[in-house]
Amino acid sequence: MRNFTWGQAQTVMDAAAAASVTVADAMLSPPNTNGQAGASIVKAGGIDLLDLLKEKLLTADRITSLKELPGLDVITRTEDGGLRIGAAVTLANLARSPLVLRHYPALANATAHAASPQIRNVATLGGNLLQRPRCWYFRAAEYRCLRKGGGHCFAIHGENQYHAIFDNQLCAIVHPSTAATVLVALGAIVECADAMGAARRVRLEDFLVPPDEDVHRENSLRAQEILTAIELPALNPGTRMVHLKQGETDSFDWPLADVAIVFDLDAERRCKRAAVILGAAAPVPHRAKAAEAILLGRIIDEEAAKDAAHAALADATPLHKNGYKLPLFETLIRRAILRAAADLHA
Amino acid sequence: MAESEASRTATFAVGLASTGLDEVERQIPRDEPPPLPPNAELAVIGKSVPRQDAFAKVTGAALFTVDINLPGMLHGRILRSPLPHARLRALDLAAAARHPGVRAVLPVAQPGDSLRYFGVPVAGVAAVSAQAAEEALALIHAGFEALPFVVDLDKAREPDAPPVHDSTSAPPGNSSGFPAPAGLPLNGNVRGPALMQRGDVARGFAEAEVIVEGAYSTKVQTHCCLEPHAIVADWREDGLTVFMSTQFTAGVRHELAEAFGLPLARVRVIAGAIGGGFGSKSSLGNYGRIAVGLSRAAKAPVRIVLERQEEQMDAGNRPATWQSLRLGARKDGTLSAISLLSYGTAGVTLGAGVGGIAAALYTCPNFESAQYDVFINAAPGCAMRGPGNTPGAFGLEQAIDELAGRLALDPLALRDRIDPSPVRREERRIGAARIGWQRRHAPGAESGPVKRGLGVAQSLWPANVQTTAACEVRIMRNGSVEVLSSVQDIGTGTGTVMAQTVAEVLGLRAQDITVRIGDTDFPPGPPSYGSRATASITPPARVAAWRVLQTLFQEAAPFLGVAPEALIAHGGRILVANNPGRFMLFGDATARLHTGKISAAATRSDDYGGFRRRMPDAALALQDLGGVQFAAVAVDTETGIIRVERVVAVQDCGRPLNPKQIESQVHGGVLMGLSYALFEERLLDQHTGRMVNPDLEQYKLARPREVPDIEVVVLEEYRGQSATDAYGIAEPANIATAPAIANAVYNAIGVRLCALPMTPAAVLAALGKIPRRGELP
């Protein structure tokens with residue numbers, strides 16, 4: 001690992017100014033290029049950053065810590081009854097926050113099952129959303145893949161058992177954040193601040209970038225900008241939500257598939273509003289629009305859940321080693337919908 | 001054999017303590033102690049004495065090789081081939097050598113050499129810091145010409161596959177047959193067959209009333225030692241000292257003397273605490289050779305610790321196998337013929353057979369096997385916990401389960417008919433009761449998406465003995481006692497059982513014995529592989545302790561006014577056997593020694609009653625080791641997730657010396673087997689030959705939440721074969737786990753999974769649930 005200088009940002013503006021380049025852009029230049037100016041980047045929990053540095057996927061001349069920034073590690077109610085989660089809130093604190101547990105239990109579930117206890121104690125929600133993908137070709141310096149500025153995706157015809165079943169023609173990564181699956185389902189807003197002090201608010205779903213928009217990044221964070229907060233809109237009374245994650249192992253593993261379901265039911269148990277979001281399915285959390293359409297206006301029962309799960313996967317394009325994800329997602333979607341409906345009666 | 005000047009007759013208790021002991025007379029050497037009574041009559045042996053290094057390990061005080069930091073020590077790094085098959089065209093180390101931090105560079109390959117796998121060492125550097133060494137690697141100019149390669153077992157067997165070896169580069173095999181026999185033909189990438197044959201297989205199948213056939217495959221598993229392979233080599237004018245995380249200090253010492261042309265006396269190998277060894281730390285290794293070469297060149301100590309990626313890519317692995325098994329049987333279950341064909345790959349080397357378990361576990365007069373090694377452009381495999389028999393059992397024990405189904409026999413009843421071992425019969429009986437075998441239902445009988453099942457499988461492993469194993473026991477005038485041997489403790493508690501053995505003889509407590517091991521300055525100990533350390537080192541430990549005790553008796557007898565033969569050692573006292581009121585405290589007896597220290601050494605003598613087979617420096621005991629394992633699983637047929645809920649492991653290892661340590665080793669064996677069954681697979685990219693999952697994030701392993709409820713039962717079995725009658729447990733505890741789980745999965749879902757690992761993808765595919773593109777069934 002190359003030497004770098006280390007600093008602490010005291011204000012959000014200083015922190016944004018210290019992020020001279022996004023990590024995604026910094027990783028586009030070939031590693032170990034001599035004489036090239038290294039990046040000046042910022043660090044929150046540092047879980048992903050340290051991996052990238054150690055694997056020589058990223059070199060940095062200057063790293064600025066966000067740890068001393070005030071107010072970024074708190075969770076507060078917003079005026080309209082939603083929730084504002086500072087970007088530096090750790091996954092562990094998020095998972096045990098009474099506010100999150102009471103109002104957004106699916107988010108608590110997603111963060112409680114991410115990584116390992118040690119990592120959750122250090123990893124922040126902001127870092128979790130901004131982490132780079134786990135694709136093993138992307139993560140190995142030997143492969144100069146499309147996403148790192150190379151000419152081709154090694155996964156599409158390679159070892160792709162953990163890769164995308166949607167939107168995988170260009171680059172077959174899956175988005176690494178399970179929190180994002182739930183946050184997109186909840187309609188979360190991300191707030192970024194720049195070096196001039198201006199804040200930018202954008203729906204997380206729009207903030208995340210699919211490969212056909214730009215294959216070199218997973219989100220639209222800009223240089224000289226940091227992620228400061230995630231806001232969750234207020235829920236209608238009686239909104240139901242469930243997150244299900246299935247990893248190959250239960251301990252410290254990435255999902256093979258995860259599903260977030262959020263819906264509102266009317267007095268007749270008819271679905272008024274539904275979000276069906278699939279994680280580990282596509283380069284960004286995948287909104288299963290066909291499934292949502294099927295649920296709308298339906299009474300949520302076994303048949304509706306089955307139809308929705310089936311519809312969700314109708315346009316999947318599995319690769320040669322990940323066809324198993326179809327029945328797996330079908331199961332998780334069906335179970336998540338039924339569990340959310342069952343919660344209603346509990 | 002009659003009594004002679006060298007031997008005398010002794011009566012041993014033999015059999016299973018749980019079902020009643022018998023007696024047998026054996027000739028034993030006159031200079032060895034009388035038979036050790038059954039554990040019930042002993043004070044220290046057979047007790048769960050706390051591990052001697054337990055506190056040091058849990059408090060971080062134990063020193064591992066990775067903790068060694070010598071004055072002036074340099075850091076070595078290895079440049080590795082970035083291609084799966086290449087010819088080295090150029091190698092220029094000059095720029096690296098000029099780096100200000102670099103103290104030595106070492107070419108490992110020469111221009112013109114073939115580099116046959118991704119990650120094979122090309123050159124080494126030693127520098128004043130790890131970072132300087134890393135920078136120097138980037139300054140090495142190496143030119144590679146890419147050659148055609150093959151990394152897939154099936155493709156490598158095709159006639160037009162790129163050849164991995166030619167006749168001169170192919171490894172020659174070994175006259176011992178391990179890891180593969182010498183002198184077999186090489187045809188393309190396919191070497192063999194290694195043949196075994198007895199009886200008339202054609203007739204056996206002709207006489208069969210039922211024939212079952214199946215093909216089974218296993219994938220490459222990596223050792224995943226918590227402590228990586230590590231060495232600190234210190235080459236000096238007067239000799240070489242090497243600190244190494246190794247399973248065989250005495251063997252590495254020989255390798256070093258030979259490789260570097262040194263007298264054995266000038267080579268010392270030291271192994272402190274060792275963070276796991278499952279076969280891959282058995283020899284010097286390419287990294288060890290490079291570290292010593294760099295130390296010689298730099299005239300300074302050099303440390304090489306493999307990074308996890310190097311560990312996963314080039315530190316050994318369990319070979320992949322494919323086997324086809326055919327069993328013929330009578331309607332009553334009696335086996336009439338077994339035929340086995342196997343192809344396996346250990347990368348660029350040999351040793352990918354499926355062992356001898358199919359030939360040996362069950363009574364069958366007609367047997368034939370043909371086993372082939374297939375070369376591919378991948379890192380060399382090596383021994384790993386139960387080599388051969390572990391993949392072998394995955395096939396055999398599923399085939400037996402299949403046969404039981406076809407005969408409508410309970411799998412245990414079938415084994416009662418065809419398994420000649422009374423020990424395993426008892427193990428089946430105990431295990432069946434513990435797991436609740438009577439609740440077992442017909443395959444796939446449960447309704448609902450999550451289906452439960454029970455399965456059983458057996459293991460078999462030869463009881464290896466290292467006949468060169470030696471140790472020394474010293475008693476000091478102040479009453480302290482030392483036991484010394486170069487045997488290393490790889491984490492199993494070898495030092496603790498040695499202390500127990502010596503303490504039992506001297507009438508002391510285990511904690512009274514200072515254990516000094518893991519250093520070739522001491523008498524040469526056995527390797528800690530092949531489940532042989534305990535069987536090899538505890539008999540000479542007892543013999544040496546007994547011999548030195550006779551010296552102490554000689555010196556103490558006059559003070560007690562009796563003949564030395566009248567004395568015994570017990571409870572910290574030297575006392576008169578038929579008059580226990582007359583005694584001296586052990587320390588008072590040693591204080592009367594007329595010299596500062598008395599000592600005796602012993603080397604492992606032959607098993608009383610002889611060996612089954614002798615090899616150079618080693619032998620096989622008459623009777624094998626084994627065990628029976630039962631697994632209870634729950635299979636979610638909609639997600640493909642298999643959860644192992646319970647494992648009952650009933651094992652035998654001769655006399656159990658320390659039940660807690662044995663239980664701990666069985667836990668390790670079961671977990672490694674569970675992980676092999678469900679998760680582990682080295683994945684090579686077919687287009688670049690590189691391992692895509694060379695870290696512990698992407699290489700899937702069982703972790704805390706995957707640990708089932710494990711119940712361990714260890715039989716107390718006496719054979720009257722050595723001074724301690726203790727044998728090994730490491731490998732027998734691993735072999736049966738994967739097939740027991742596979743049989744339980746079959747019992748749960750009614751579909752057999754014949755390939756490892758049994759991932760959700762494999763389960764869903766076996767259930768016919770993976771649709772054609774985009775179409776759900």
# chains A, B, ... in the order shown; residues from 1 in each chain; ligands from 1
>>> interface_residues(of="chain B", to="chain A", cutoff="10 Å", atoms="only C-alpha atoms", output="PDB file with N, CA and C atoms, in the first residue's frame")
ATOM      1  N   PRO B  82       1.750 -14.701 -13.773  1.00  0.00           N
ATOM      2  CA  PRO B  82       0.388 -14.186 -13.946  1.00  0.00           C
ATOM      3  C   PRO B  82      -0.412 -14.952 -14.990  1.00  0.00           C
ATOM      4  N   ALA B 130       8.375  -4.920   4.518  1.00  0.00           N
ATOM      5  CA  ALA B 130       7.430  -5.584   3.631  1.00  0.00           C
ATOM      6  C   ALA B 130       7.099  -4.666   2.457  1.00  0.00           C
ATOM      7  N   GLN B 131       7.041  -3.356   2.740  1.00  0.00           N
ATOM      8  CA  GLN B 131       6.696  -2.424   1.677  1.00  0.00           C
ATOM      9  C   GLN B 131       7.811  -2.337   0.636  1.00  0.00           C
ATOM     10  N   GLU B 134       7.639  -5.315  -1.515  1.00  0.00           N
ATOM     11  CA  GLU B 134       6.507  -5.170  -2.427  1.00  0.00           C
ATOM     12  C   GLU B 134       6.887  -4.258  -3.602  1.00  0.00           C
ATOM     13  N   GLU B 135       7.542  -3.161  -3.295  1.00  0.00           N
ATOM     14  CA  GLU B 135       7.969  -2.233  -4.353  1.00  0.00           C
ATOM     15  C   GLU B 135       8.971  -2.899  -5.280  1.00  0.00           C
ATOM     16  N   ALA B 138       7.635  -5.020  -8.082  1.00  0.00           N
ATOM     17  CA  ALA B 138       7.164  -4.274  -9.248  1.00  0.00           C
ATOM     18  C   ALA B 138       8.324  -3.890 -10.166  1.00  0.00           C
ATOM     19  N   THR B 637     -36.719 -26.931   0.193  1.00  0.00           N
ATOM     20  CA  THR B 637     -36.762 -27.322  -1.224  1.00  0.00           C
ATOM     21  C   THR B 637     -37.135 -26.147  -2.118  1.00  0.00           C
ATOM     22  N   GLU B 638     -37.466 -25.007  -1.525  1.00  0.00           N
ATOM     23  CA  GLU B 638     -37.797 -23.829  -2.341  1.00  0.00           C
ATOM     24  C   GLU B 638     -36.638 -22.839  -2.451  1.00  0.00           C
ATOM     25  N   THR B 639     -35.674 -22.930  -1.517  1.00  0.00           N
ATOM     26  CA  THR B 639     -34.492 -22.069  -1.625  1.00  0.00           C
ATOM     27  C   THR B 639     -33.236 -22.888  -1.909  1.00  0.00           C
ATOM     28  N   GLY B 640     -33.316 -24.184  -1.689  1.00  0.00           N
ATOM     29  CA  GLY B 640     -32.152 -25.044  -1.888  1.00  0.00           C
ATOM     30  C   GLY B 640     -31.187 -25.043  -0.718  1.00  0.00           C
ATOM     31  N   ILE B 641     -31.545 -24.367   0.368  1.00  0.00           N
ATOM     32  CA  ILE B 641     -30.634 -24.273   1.516  1.00  0.00           C
ATOM     33  C   ILE B 641     -30.708 -25.563   2.343  1.00  0.00           C
ATOM     34  N   ILE B 642     -29.533 -26.129   2.593  1.00  0.00           N
ATOM     35  CA  ILE B 642     -29.419 -27.288   3.477  1.00  0.00           C
ATOM     36  C   ILE B 642     -28.907 -26.796   4.826  1.00  0.00           C
ATOM     37  N   ARG B 643     -29.625 -27.133   5.858  1.00  0.00           N
ATOM     38  CA  ARG B 643     -29.133 -26.799   7.194  1.00  0.00           C
ATOM     39  C   ARG B 643     -28.851 -28.111   7.928  1.00  0.00           C
ATOM     40  N   LEU B 678     -21.006 -28.672   1.997  1.00  0.00           N
ATOM     41  CA  LEU B 678     -21.994 -27.666   1.608  1.00  0.00           C
ATOM     42  C   LEU B 678     -21.425 -26.447   0.891  1.00  0.00           C
ATOM     43  N   PHE B 679     -20.195 -26.080   1.160  1.00  0.00           N
ATOM     44  CA  PHE B 679     -19.763 -24.744   0.743  1.00  0.00           C
ATOM     45  C   PHE B 679     -18.514 -24.671  -0.124  1.00  0.00           C
ATOM     46  N   LEU B 683     -12.618 -22.004  -7.194  1.00  0.00           N
ATOM     47  CA  LEU B 683     -13.166 -21.720  -8.523  1.00  0.00           C
ATOM     48  C   LEU B 683     -12.078 -21.103  -9.396  1.00  0.00           C
ATOM     49  N   LEU B 684     -11.769 -21.784 -10.483  1.00  0.00           N
ATOM     50  CA  LEU B 684     -10.787 -21.251 -11.428  1.00  0.00           C
ATOM     51  C   LEU B 684     -11.528 -20.642 -12.613  1.00  0.00           C
ATOM     52  N   ASP B 685     -11.140 -19.425 -12.977  1.00  0.00           N
ATOM     53  CA  ASP B 685     -11.713 -18.815 -14.172  1.00  0.00           C
ATOM     54  C   ASP B 685     -11.230 -19.605 -15.391  1.00  0.00           C
ATOM     55  N   GLN B 686     -12.174 -20.047 -16.198  1.00  0.00           N
ATOM     56  CA  GLN B 686     -11.831 -20.929 -17.321  1.00  0.00           C
ATOM     57  C   GLN B 686     -11.051 -20.192 -18.413  1.00  0.00           C
ATOM     58  N   HIS B 687     -11.146 -18.867 -18.430  1.00  0.00           N
ATOM     59  CA  HIS B 687     -10.494 -18.105 -19.499  1.00  0.00           C
ATOM     60  C   HIS B 687      -9.110 -17.609 -19.117  1.00  0.00           C
ATOM     61  N   THR B 688      -8.838 -17.510 -17.818  1.00  0.00           N
ATOM     62  CA  THR B 688      -7.539 -16.975 -17.392  1.00  0.00           C
ATOM     63  C   THR B 688      -6.794 -17.906 -16.438  1.00  0.00           C
ATOM     64  N   ARG B 690      -7.065 -18.227 -13.369  1.00  0.00           N
ATOM     65  CA  ARG B 690      -6.836 -17.669 -12.036  1.00  0.00           C
ATOM     66  C   ARG B 690      -7.989 -18.060 -11.118  1.00  0.00           C
ATOM     67  N   MET B 691      -7.646 -18.299  -9.843  1.00  0.00           N
ATOM     68  CA  MET B 691      -8.685 -18.575  -8.852  1.00  0.00           C
ATOM     69  C   MET B 691      -9.449 -17.275  -8.619  1.00  0.00           C
ATOM     70  N   VAL B 692     -10.777 -17.318  -8.747  1.00  0.00           N
ATOM     71  CA  VAL B 692     -11.541 -16.082  -8.565  1.00  0.00           C
ATOM     72  C   VAL B 692     -11.967 -15.862  -7.116  1.00  0.00           C
ATOM     73  N   ASN B 693     -11.832 -16.885  -6.293  1.00  0.00           N
ATOM     74  CA  ASN B 693     -12.263 -16.718  -4.890  1.00  0.00           C
ATOM     75  C   ASN B 693     -11.127 -17.015  -3.910  1.00  0.00           C
ATOM     76  N   PRO B 694      -9.978 -16.319  -4.080  1.00  0.00           N
ATOM     77  CA  PRO B 694      -8.819 -16.656  -3.236  1.00  0.00           C
ATOM     78  C   PRO B 694      -8.783 -15.891  -1.921  1.00  0.00           C
ATOM     79  N   GLU B 697     -13.548 -14.283   2.067  1.00  0.00           N
ATOM     80  CA  GLU B 697     -14.866 -13.697   1.827  1.00  0.00           C
ATOM     81  C   GLU B 697     -15.577 -14.492   0.723  1.00  0.00           C
ATOM     82  N   GLN B 698     -14.908 -14.679  -0.388  1.00  0.00           N
ATOM     83  CA  GLN B 698     -15.563 -15.315  -1.534  1.00  0.00           C
ATOM     84  C   GLN B 698     -15.406 -16.832  -1.541  1.00  0.00           C
ATOM     85  N   LYS B 700     -16.211 -19.827   0.222  1.00  0.00           N
ATOM     86  CA  LYS B 700     -17.227 -20.018   1.264  1.00  0.00           C
ATOM     87  C   LYS B 700     -16.795 -21.099   2.249  1.00  0.00           C
ATOM     88  N   LEU B 701     -16.944 -20.779   3.510  1.00  0.00           N
ATOM     89  CA  LEU B 701     -16.626 -21.716   4.589  1.00  0.00           C
ATOM     90  C   LEU B 701     -17.779 -21.712   5.584  1.00  0.00           C
ATOM     91  N   ALA B 702     -17.954 -22.826   6.260  1.00  0.00           N
ATOM     92  CA  ALA B 702     -18.899 -22.831   7.375  1.00  0.00           C
ATOM     93  C   ALA B 702     -18.403 -21.842   8.427  1.00  0.00           C
ATOM     94  N   ARG B 703     -19.328 -21.072   8.956  1.00  0.00           N
ATOM     95  CA  ARG B 703     -18.976 -20.102   9.998  1.00  0.00           C
ATOM     96  C   ARG B 703     -19.884 -20.339  11.208  1.00  0.00           C
ATOM     97  N   PRO B 704     -19.816 -19.462  12.226  1.00  0.00           N
ATOM     98  CA  PRO B 704     -20.504 -19.802  13.485  1.00  0.00           C
ATOM     99  C   PRO B 704     -21.955 -20.255  13.335  1.00  0.00           C
ATOM    100  N   ARG B 705     -22.729 -19.567  12.507  1.00  0.00           N
ATOM    101  CA  ARG B 705     -24.149 -19.936  12.432  1.00  0.00           C
ATOM    102  C   ARG B 705     -24.374 -21.239  11.675  1.00  0.00           C
ATOM    103  N   GLU B 706     -23.356 -21.764  11.031  1.00  0.00           N
ATOM    104  CA  GLU B 706     -23.506 -23.037  10.321  1.00  0.00           C
ATOM    105  C   GLU B 706     -23.141 -24.233  11.200  1.00  0.00           C
ATOM    106  N   THR B 759     -24.602 -26.966  -2.895  1.00  0.00           N
ATOM    107  CA  THR B 759     -25.041 -25.567  -2.780  1.00  0.00           C
ATOM    108  C   THR B 759     -26.537 -25.464  -3.072  1.00  0.00           C
ATOM    109  N   PRO B 760     -27.134 -24.305  -2.777  1.00  0.00           N
ATOM    110  CA  PRO B 760     -28.530 -24.102  -3.169  1.00  0.00           C
ATOM    111  C   PRO B 760     -28.733 -24.345  -4.668  1.00  0.00           C
ATOM    112  N   ALA B 761     -27.766 -23.910  -5.471  1.00  0.00           N
ATOM    113  CA  ALA B 761     -27.894 -24.127  -6.920  1.00  0.00           C
ATOM    114  C   ALA B 761     -27.954 -25.618  -7.231  1.00  0.00           C
ATOM    115  N   ALA B 762     -27.128 -26.411  -6.540  1.00  0.00           N
ATOM    116  CA  ALA B 762     -27.107 -27.860  -6.790  1.00  0.00           C
ATOM    117  C   ALA B 762     -28.407 -28.510  -6.334  1.00  0.00           C
ATOM    118  N   VAL B 763     -28.919 -28.072  -5.184  1.00  0.00           N
ATOM    119  CA  VAL B 763     -30.162 -28.657  -4.664  1.00  0.00           C
ATOM    120  C   VAL B 763     -31.328 -28.319  -5.587  1.00  0.00           C
ATOM    121  N   LEU B 764     -31.434 -27.047  -5.980  1.00  0.00           N
ATOM    122  CA  LEU B 764     -32.550 -26.633  -6.845  1.00  0.00           C
ATOM    123  C   LEU B 764     -32.454 -27.330  -8.204  1.00  0.00           C
ATOM    124  N   ALA B 765     -31.232 -27.519  -8.702  1.00  0.00           N
ATOM    125  CA  ALA B 765     -31.067 -28.226  -9.981  1.00  0.00           C
ATOM    126  C   ALA B 765     -31.495 -29.683  -9.832  1.00  0.00           C
ATOM    127  N   LYS B 769     -35.793 -27.586 -10.409  1.00  0.00           N
ATOM    128  CA  LYS B 769     -36.468 -26.299 -10.237  1.00  0.00           C
ATOM    129  C   LYS B 769     -35.810 -25.146 -10.973  1.00  0.00           C
ATOM    130  N   ILE B 770     -34.699 -25.422 -11.645  1.00  0.00           N
ATOM    131  CA  ILE B 770     -34.071 -24.324 -12.381  1.00  0.00           C
ATOM    132  C   ILE B 770     -34.633 -24.322 -13.800  1.00  0.00           C
ATOM    133  N   PRO B 771     -35.323 -23.253 -14.165  1.00  0.00           N
ATOM    134  CA  PRO B 771     -36.017 -23.229 -15.444  1.00  0.00           C
ATOM    135  C   PRO B 771     -35.066 -22.945 -16.598  1.00  0.00           C
ATOM    136  N   ARG B 772     -35.569 -23.176 -17.769  1.00  0.00           N
ATOM    137  CA  ARG B 772     -34.873 -22.647 -18.943  1.00  0.00           C
ATOM    138  C   ARG B 772     -34.941 -21.138 -18.846  1.00  0.00           C
ATOM    139  N   ARG B 773     -34.150 -20.464 -19.665  1.00  0.00           N
ATOM    140  CA  ARG B 773     -34.006 -19.008 -19.563  1.00  0.00           C
ATOM    141  C   ARG B 773     -35.331 -18.294 -19.321  1.00  0.00           C
ATOM    142  N   GLY B 774     -35.427 -17.662 -18.175  1.00  0.00           N
ATOM    143  CA  GLY B 774     -36.526 -16.752 -17.925  1.00  0.00           C
ATOM    144  C   GLY B 774     -37.890 -17.388 -17.741  1.00  0.00           C
ATOM    145  N   GLU B 775     -37.932 -18.675 -17.508  1.00  0.00           N
ATOM    146  CA  GLU B 775     -39.234 -19.335 -17.468  1.00  0.00           C
ATOM    147  C   GLU B 775     -39.337 -20.154 -16.187  1.00  0.00           C
ATOM    148  N   LEU B 776     -40.256 -19.827 -15.354  1.00  0.00           N
ATOM    149  CA  LEU B 776     -40.396 -20.575 -14.111  1.00  0.00           C
ATOM    150  C   LEU B 776     -41.231 -21.826 -14.337  1.00  0.00           C
ATOM    151  N   PRO B 777     -40.904 -22.913 -13.710  1.00  0.00           N
ATOM    152  CA  PRO B 777     -41.680 -24.145 -13.921  1.00  0.00           C
ATOM    153  C   PRO B 777     -43.048 -24.041 -13.261  1.00  0.00           C
TER     154      PRO B 777
END
>>> atom_distance(atom1="CA of Gly119 (chain B)", atom2="CA of Ala378 (chain B)")
8.8 Å
>>> select_by_dssp(residues="region 136-290 of chain B", states="strand (DSSP E)", output="CSV table (one decimal) with C-alpha atoms, in the first residue's frame")
chain,number,residue,atom,x,y,z
B,141,HIS,CA,11.2,-7.4,-15.4
B,142,ALA,CA,9.8,-10.8,-16.4
B,143,GLY,CA,8.8,-11.7,-19.9
B,144,PHE,CA,6.2,-14.5,-20.3
B,145,GLU,CA,5.2,-16.3,-23.5
B,146,ALA,CA,1.6,-17.5,-23.1
B,186,LEU,CA,1.2,-41.0,-19.2
B,187,ASN,CA,-1.2,-40.6,-22.1
B,190,VAL,CA,-4.0,-38.7,-18.1
B,191,ARG,CA,-1.7,-40.8,-16.0
B,192,GLY,CA,-2.5,-44.3,-14.8
B,193,PRO,CA,-4.3,-46.4,-14.1
B,194,ALA,CA,-3.2,-47.4,-10.6
B,195,LEU,CA,-4.9,-50.8,-10.4
B,196,MET,CA,-6.1,-52.9,-7.5
B,197,GLN,CA,-7.7,-56.2,-8.0
B,198,ARG,CA,-8.8,-59.3,-6.0
B,210,VAL,CA,-28.9,-56.4,-7.5
B,211,ILE,CA,-26.4,-54.0,-9.1
B,212,VAL,CA,-26.2,-50.3,-8.2
B,213,GLU,CA,-24.1,-47.8,-10.2
B,214,GLY,CA,-23.4,-44.2,-9.5
B,215,ALA,CA,-20.9,-41.4,-10.4
B,216,TYR,CA,-19.8,-39.0,-7.7
B,217,SER,CA,-17.6,-35.9,-7.9
B,218,THR,CA,-15.8,-33.7,-5.4
B,221,GLN,CA,-11.0,-27.7,-1.1
B,222,THR,CA,-8.2,-25.5,0.3
B,230,ALA,CA,5.2,-19.0,7.6
B,231,ILE,CA,8.9,-19.3,7.9
B,232,VAL,CA,11.8,-17.3,9.3
B,233,ALA,CA,15.1,-18.6,7.9
B,234,ASP,CA,18.3,-17.6,9.5
B,235,TRP,CA,21.4,-18.7,7.5
B,236,ARG,CA,24.7,-18.3,9.3
B,239,GLY,CA,24.5,-23.4,10.4
B,240,LEU,CA,20.9,-22.8,9.4
B,241,THR,CA,18.1,-22.2,11.9
B,242,VAL,CA,14.6,-22.2,10.6
B,243,PHE,CA,11.4,-21.2,12.5
B,244,MET,CA,8.5,-22.6,10.6
B,267,VAL,CA,20.3,-27.6,10.5
B,268,ARG,CA,17.8,-26.7,13.2
B,269,VAL,CA,14.1,-26.4,12.7
B,270,ILE,CA,11.8,-24.9,15.4
>>> residues_around(residues="region 446-456 of chain B", least_positions_apart="4", cutoff="6 Å", atoms="only C-alpha atoms", output="list in words")
Gln629, Phe630, Ala631, Ala632, Val633, Ala634, Val635, Asp636, Thr637, Ala740, Asn743, Ala744, Asn747 and Ala748 of chain B
>>> write_last_selection(atoms="N, CA and C atoms", output="compact mmCIF listing (two decimals), in the first residue's frame")
# COMPACT_ATOMS: atom_id res chain seq x y z
N GLN B 629 -20.70 -41.74 11.58
CA GLN B 629 -21.32 -40.45 11.84
C GLN B 629 -22.75 -40.41 11.30
N PHE B 630 -23.60 -39.77 12.08
CA PHE B 630 -25.00 -39.60 11.72
C PHE B 630 -25.28 -38.11 11.57
N ALA B 631 -26.05 -37.76 10.55
CA ALA B 631 -26.39 -36.35 10.35
C ALA B 631 -27.90 -36.20 10.27
N ALA B 632 -28.39 -35.10 10.86
CA ALA B 632 -29.80 -34.73 10.72
C ALA B 632 -29.83 -33.39 9.99
N VAL B 633 -30.55 -33.33 8.87
CA VAL B 633 -30.57 -32.11 8.07
C VAL B 633 -32.00 -31.64 7.86
N ALA B 634 -32.10 -30.35 7.52
CA ALA B 634 -33.37 -29.78 7.05
C ALA B 634 -33.08 -29.13 5.71
N VAL B 635 -33.83 -29.51 4.70
CA VAL B 635 -33.60 -28.98 3.36
C VAL B 635 -34.82 -28.13 2.96
N ASP B 636 -34.56 -26.87 2.66
CA ASP B 636 -35.63 -26.02 2.14
C ASP B 636 -35.69 -26.24 0.63
N THR B 637 -36.72 -26.93 0.19
CA THR B 637 -36.76 -27.32 -1.22
C THR B 637 -37.14 -26.15 -2.12
N ALA B 740 -22.37 -38.63 5.17
CA ALA B 740 -23.50 -38.72 6.11
C ALA B 740 -24.51 -37.62 5.81
N ASN B 743 -26.31 -38.43 2.51
CA ASN B 743 -27.33 -39.46 2.70
C ASN B 743 -28.55 -38.90 3.45
N ALA B 744 -28.29 -37.97 4.37
CA ALA B 744 -29.41 -37.33 5.07
C ALA B 744 -30.22 -36.45 4.12
N ASN B 747 -32.38 -38.68 2.17
CA ASN B 747 -33.51 -39.12 3.00
C ASN B 747 -34.56 -38.01 3.13
N ALA B 748 -34.08 -36.76 3.13
CA ALA B 748 -35.02 -35.63 3.27
C ALA B 748 -35.82 -35.42 1.99
>>> residues_around(residues="Leu57 (chain A)", least_positions_apart="5", cutoff="12 Å", atoms="only C-alpha atoms", output="PyMOL selection string")
chain A and resi 1-2+23-33+48-52+132+137-145+147-149
>>> residues_around(residues="region 495-500 of chain B", least_positions_apart="5", cutoff="9 Å", atoms="only C-alpha atoms", output="ChimeraX atom specification")
/B:44-47,49-53,482-483,487-489,505,508-517,534,537-538,541-542,657-658
>>> residues_around(residues="Met13 (chain A)", least_positions_apart="6", cutoff="10 Å", atoms="only C-alpha atoms", output="list in words")
Ala193, Asp194, Ala195, Met196, Gly197, Ala198, Gln224, Glu225 and Ile226 of chain A
>>> residues_around(residues="Asn219 (chain A)", least_positions_apart="3", cutoff="6 Å", atoms="only C-alpha atoms", output="PyMOL selection string")
chain A and resi 207-209
